[in-house]
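Q: Can you keep this structure in mind? I'll have questions shortly.
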Amino acid sequence: MKVKIATDWLAGCAGCHMSLLDIDERIVKLAEAVEFTSSPLTDLKHPPEDGVTVGILEGAISNTHNIKVAKQMRERCQILVAIGDCATFGGIVAMRNMVGTDSALKRAYLETETTVDGIIPTSDELGKPLDVVTGVDKVVKVDLFVPGCPPSADTLWYAISELLAGRIPVILPPEYFKYD
Ligand code: SF4
C-alpha cells in the first residue's frame with residue numbers, strides 16, 4: 001500500500017514546493033511509493049479526514065488562516081515535516097517583524113511609489129495578519145525540520161526517502177547531499 005502524503009504552503013513563496021519538483025526523474029520512484037493527497041501539486045485543499053502518514057508544510061505562520069491550515073495538517077498527519085527556512089523559523093517572511101505588521105502592510109499596499117488609491121486587502125480566506133511572524137512549531141508540534149531557502153532537491157529527497165524507509169533523517173549541510 002502506498003504511503004499517503006499531504007503538503008501545503010503557508011506564508012511562503014512556493015519555492016520549497018518547486019525544489020521538491022526538482023528531484024526530477026526521482027519523482028517517478030516517489031510516485032511508486034507514495035500517494036499525494038491534498039497538495040498544491042494536486043490542488044486538493046484539505047488532508048483526508050482519515051489522515052496521512054506524512055504532512056509537509058512550507059511557509060511561515062503569518063496570519064490566522066496559516067494557523068488553521070497548520071493545525072488541521074497536524075491533526076491529520078502522523079509525522080509533520082516543516083520544509084524551508086520560513087516554516088522552520090519564519091525565514092524571509094519574518095523580516096516583517098523588524099518593522100511591524102501595520103507598517104509593512106501600509107508600505108506594501110498604500111505607500112509604494114507606483115501605488116494609486118491602494119487598499120489593504122482583507123477577506124476571511126486571507127485571515128487576519130498576526131503581529132509577529134513565526135515558524136510552524138510556535139503553533140503546532142513539528143517532528144522534523146528541513147531548513148534551507150529552499151532546501152535543495154537532494155536534501156528533500158533524502159528526507160523523504162529516509163522517512164519512507166522508517167528512519168528519522170539526520171539533516172546535514174548541503175555539501176553532504178550529492179546524488180548522481
Ligand atoms: Fe520560499 Fe525560501 Fe520560504 Fe521556501 S524557505 S517558502 S523558498 S522564501
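So you can find residues: chains in the C-alpha cells are A, B, ... in the order shown, residues in each start at 1, and ligands are numbered from 1 in order.
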Pick out the residues no farther than 9 Å from ligand 1, counting only C-alpha atoms and all ligand atoms, and list them as a ChimeraX atom specification.

A: /A:9-19,58-60,83-88,90-93,147-151

Q: Per DSSP on the backbone, filter chain A down to the residues in strand (DSSP E or B) and report them as a ChimeraX atom specification.

A: /A:3-9,11,34-36,39,44,52-58,60-63,77-83,129-134,144-146

Q: Please provide the set of residues having any atom within 7 Å of Tyr109 of chain A, restricted to only C-alpha atoms, with same-chain residues fewer than 5 positions apart removed, written as a PyMOL selection string.

A: chain A and resi 118-120

Q: Please dump the current selection as a compact mmCIF listing (two decimals), in the first residue's frame; keep N, CA and C atoms.

A:
# COMPACT_ATOMS: atom_id res chain seq x y z
N GLY A 118 -4.45 52.81 -3.34
CA GLY A 118 -4.26 51.44 -2.86
C GLY A 118 -5.20 51.09 -1.71
N ILE A 119 -5.43 49.81 -1.52
CA ILE A 119 -6.18 49.36 -0.35
C ILE A 119 -5.44 48.17 0.26
N ILE A 120 -5.57 48.01 1.54
CA ILE A 120 -5.01 46.82 2.20
C ILE A 120 -6.06 45.73 2.10

Q: I want to know what sits within 8 Å of Asp131 of chain A, based on only C-alpha atoms, with residues of the same chain fewer than 2 positions away left out; could you give that as an MDAnalysis selection string?

A: chainID A and resid 97 100:101 129 133

Q: What would the file look like if the residues just selected were written as a PDB file, in the first residue's frame with all heavy atoms?

A:
ATOM      1  N   ASN A  97       8.787  41.343  10.944  1.00  0.00           N
ATOM      2  CA  ASN A  97       8.809  41.624  12.392  1.00  0.00           C
ATOM      3  C   ASN A  97       9.673  42.851  12.720  1.00  0.00           C
ATOM      4  O   ASN A  97       9.499  43.470  13.762  1.00  0.00           O
ATOM      5  CB  ASN A  97       9.336  40.408  13.162  1.00  0.00           C
ATOM      6  CG  ASN A  97       8.416  39.201  13.001  1.00  0.00           C
ATOM      7  OD1 ASN A  97       7.262  39.364  12.619  1.00  0.00           O
ATOM      8  ND2 ASN A  97       8.930  38.012  13.262  1.00  0.00           N
ATOM      9  N   GLY A 100       7.137  45.773  11.891  1.00  0.00           N
ATOM     10  CA  GLY A 100       5.776  45.659  12.417  1.00  0.00           C
ATOM     11  C   GLY A 100       4.786  45.418  11.284  1.00  0.00           C
ATOM     12  O   GLY A 100       4.971  45.898  10.157  1.00  0.00           O
ATOM     13  N   THR A 101       3.722  44.699  11.598  1.00  0.00           N
ATOM     14  CA  THR A 101       2.756  44.282  10.565  1.00  0.00           C
ATOM     15  C   THR A 101       2.049  45.478   9.931  1.00  0.00           C
ATOM     16  O   THR A 101       1.957  45.579   8.702  1.00  0.00           O
ATOM     17  CB  THR A 101       1.720  43.322  11.191  1.00  0.00           C
ATOM     18  OG1 THR A 101       2.430  42.185  11.676  1.00  0.00           O
ATOM     19  CG2 THR A 101       0.688  42.878  10.164  1.00  0.00           C
ATOM     20  N   PRO A 129      -3.835  39.227   9.585  1.00  0.00           N
ATOM     21  CA  PRO A 129      -2.383  39.201   9.792  1.00  0.00           C
ATOM     22  C   PRO A 129      -2.030  39.196  11.280  1.00  0.00           C
ATOM     23  O   PRO A 129      -2.678  39.883  12.072  1.00  0.00           O
ATOM     24  CB  PRO A 129      -1.906  40.505   9.131  1.00  0.00           C
ATOM     25  CG  PRO A 129      -2.994  40.908   8.203  1.00  0.00           C
ATOM     26  CD  PRO A 129      -4.271  40.395   8.813  1.00  0.00           C
ATOM     27  N   VAL A 133       5.440  37.229  12.954  1.00  0.00           N
ATOM     28  CA  VAL A 133       5.599  36.057  12.078  1.00  0.00           C
ATOM     29  C   VAL A 133       6.494  35.044  12.789  1.00  0.00           C
ATOM     30  O   VAL A 133       7.511  35.413  13.383  1.00  0.00           O
ATOM     31  CB  VAL A 133       6.270  36.465  10.746  1.00  0.00           C
ATOM     32  CG1 VAL A 133       6.556  35.245   9.880  1.00  0.00           C
ATOM     33  CG2 VAL A 133       5.405  37.474   9.998  1.00  0.00           C
TER      34      VAL A 133
END

Q: Do a neighbour search on segment 161-166 of chain A at 10 Å with only C-alpha atoms, toss out local chain neighbours closer than 6 positions, and write the hits as a ChimeraX atom specification.

A: /A:3,30,33-34,53-54,79,155

Q: Check the smallest atom-to-atom distance from each of A:Val81, A:Val140, A:Val170, A:Leu44 to Leu57 of chain A using only C-alpha atoms, then report the winner.

A: A:Val81

Q: Excluding Val69 of chain A and its own-chain neighbours fewer than 4 positions away, which residues fall within 9 Å of it when counting only C-alpha atoms? Please give them as a ChimeraX atom specification.

A: /A:8-10,46,64-65,73-74

Q: Using N, CA and C atoms, can you export the residues from the last selection as an mmCIF file, in the first residue's frame?

A:
data_model
loop_
_atom_site.group_PDB
_atom_site.id
_atom_site.type_symbol
_atom_site.label_atom_id
_atom_site.label_comp_id
_atom_site.auth_asym_id
_atom_site.auth_seq_id
_atom_site.Cartn_x
_atom_site.Cartn_y
_atom_site.Cartn_z
ATOM 1 N N ASP A 8 1.228 21.369 2.063
ATOM 2 C CA ASP A 8 0.522 22.648 1.910
ATOM 3 C C ASP A 8 1.542 23.759 2.083
ATOM 4 N N TRP A 9 1.146 24.955 1.649
ATOM 5 C CA TRP A 9 2.016 26.102 1.883
ATOM 6 C C TRP A 9 1.278 27.139 2.703
ATOM 7 N N LEU A 10 2.044 27.774 3.574
ATOM 8 C CA LEU A 10 1.501 28.816 4.442
ATOM 9 C C LEU A 10 1.991 30.143 3.864
ATOM 10 N N HIS A 46 -7.633 20.017 1.406
ATOM 11 C CA HIS A 46 -7.589 19.578 2.803
ATOM 12 C C HIS A 46 -7.063 18.149 2.892
ATOM 13 N N THR A 64 -3.983 34.334 10.611
ATOM 14 C CA THR A 64 -4.827 33.353 11.301
ATOM 15 C C THR A 64 -5.178 32.163 10.401
ATOM 16 N N HIS A 65 -5.229 32.380 9.090
ATOM 17 C CA HIS A 65 -5.507 31.262 8.185
ATOM 18 C C HIS A 65 -4.356 30.252 8.211
ATOM 19 N N MET A 73 -3.415 20.217 9.462
ATOM 20 C CA MET A 73 -2.396 19.280 8.989
ATOM 21 C C MET A 73 -1.866 18.453 10.169
ATOM 22 N N ARG A 74 -1.609 19.119 11.289
ATOM 23 C CA ARG A 74 -1.098 18.417 12.474
ATOM 24 C C ARG A 74 -2.074 17.338 12.951
#

Q: For Gly51 of chain A, list every protein, DNA or RNA residue within 6 Å, evaluated using only C-alpha atoms, and leave out those in the same chain fewer than 2 positions away; present the list as a list in words.

A: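 Residues near the query, excluding close chain neighbours: Pro48, Glu49, Arg76 and Cys77 of chain A.
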
Q: Store the residues of this selection in a file with N, CA, C and O atoms, as an mmCIF file, in the first residue's frame.

A:
data_model
loop_
_atom_site.group_PDB
_atom_site.id
_atom_site.type_symbol
_atom_site.label_atom_id
_atom_site.label_comp_id
_atom_site.auth_asym_id
_atom_site.auth_seq_id
_atom_site.Cartn_x
_atom_site.Cartn_y
_atom_site.Cartn_z
ATOM 1 N N PRO A 48 -6.961 14.338 3.863
ATOM 2 C CA PRO A 48 -8.113 13.477 4.091
ATOM 3 C C PRO A 48 -8.420 13.320 5.582
ATOM 4 O O PRO A 48 -7.502 13.301 6.406
ATOM 5 N N GLU A 49 -9.728 13.188 5.895
ATOM 6 C CA GLU A 49 -10.123 13.113 7.309
ATOM 7 C C GLU A 49 -9.548 11.884 7.997
ATOM 8 O O GLU A 49 -9.299 11.883 9.203
ATOM 9 N N ARG A 76 -4.161 15.733 11.215
ATOM 10 C CA ARG A 76 -4.430 14.675 10.240
ATOM 11 C C ARG A 76 -3.170 13.969 9.728
ATOM 12 O O ARG A 76 -3.238 13.212 8.769
ATOM 13 N N CYS A 77 -2.022 14.239 10.328
ATOM 14 C CA CYS A 77 -0.819 13.511 9.886
ATOM 15 C C CYS A 77 -0.114 12.896 11.082
ATOM 16 O O CYS A 77 -0.242 13.375 12.207
#

Q: Restricting the calculation to only C-alpha atoms: of A:Val99, A:Arg167, A:Ala159, A:Ser152, which residue gets closest to Asp22 of chain A?

A: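 Among the listed residues, the smallest separation from Asp22 of chain A belongs to A:Ser152.
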
Q: Could you tell me how far atom CA of Lys128 of chain A lies from atom CA of Ile67 of chain A, in Å and to one decimal?

A: 10.3 Å

Q: Using only C-alpha atoms, pick whichever of A:Ala108, A:Asp137, A:Glu32, A:Thr7 has the shortest atom-to-atom distance to Lys45 of chain A.

A: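 Between A:Ala108, A:Asp137, A:Glu32, A:Thr7, the residue approaching Lys45 of chain A most closely is A:Thr7.
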
Q: Interatomic distance between atom CA of Leu105 of chain A and atom CA of Glu125 of chain A?

A: 17.1 Å

Q: Return the single residue from A:Glu35, A:Asn63, A:Glu75, A:Ala94 that is closest to Ser123 of chain A, with distances computed using only C-alpha atoms.

A: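 Smallest distance to Ser123 of chain A is found for A:Asn63.
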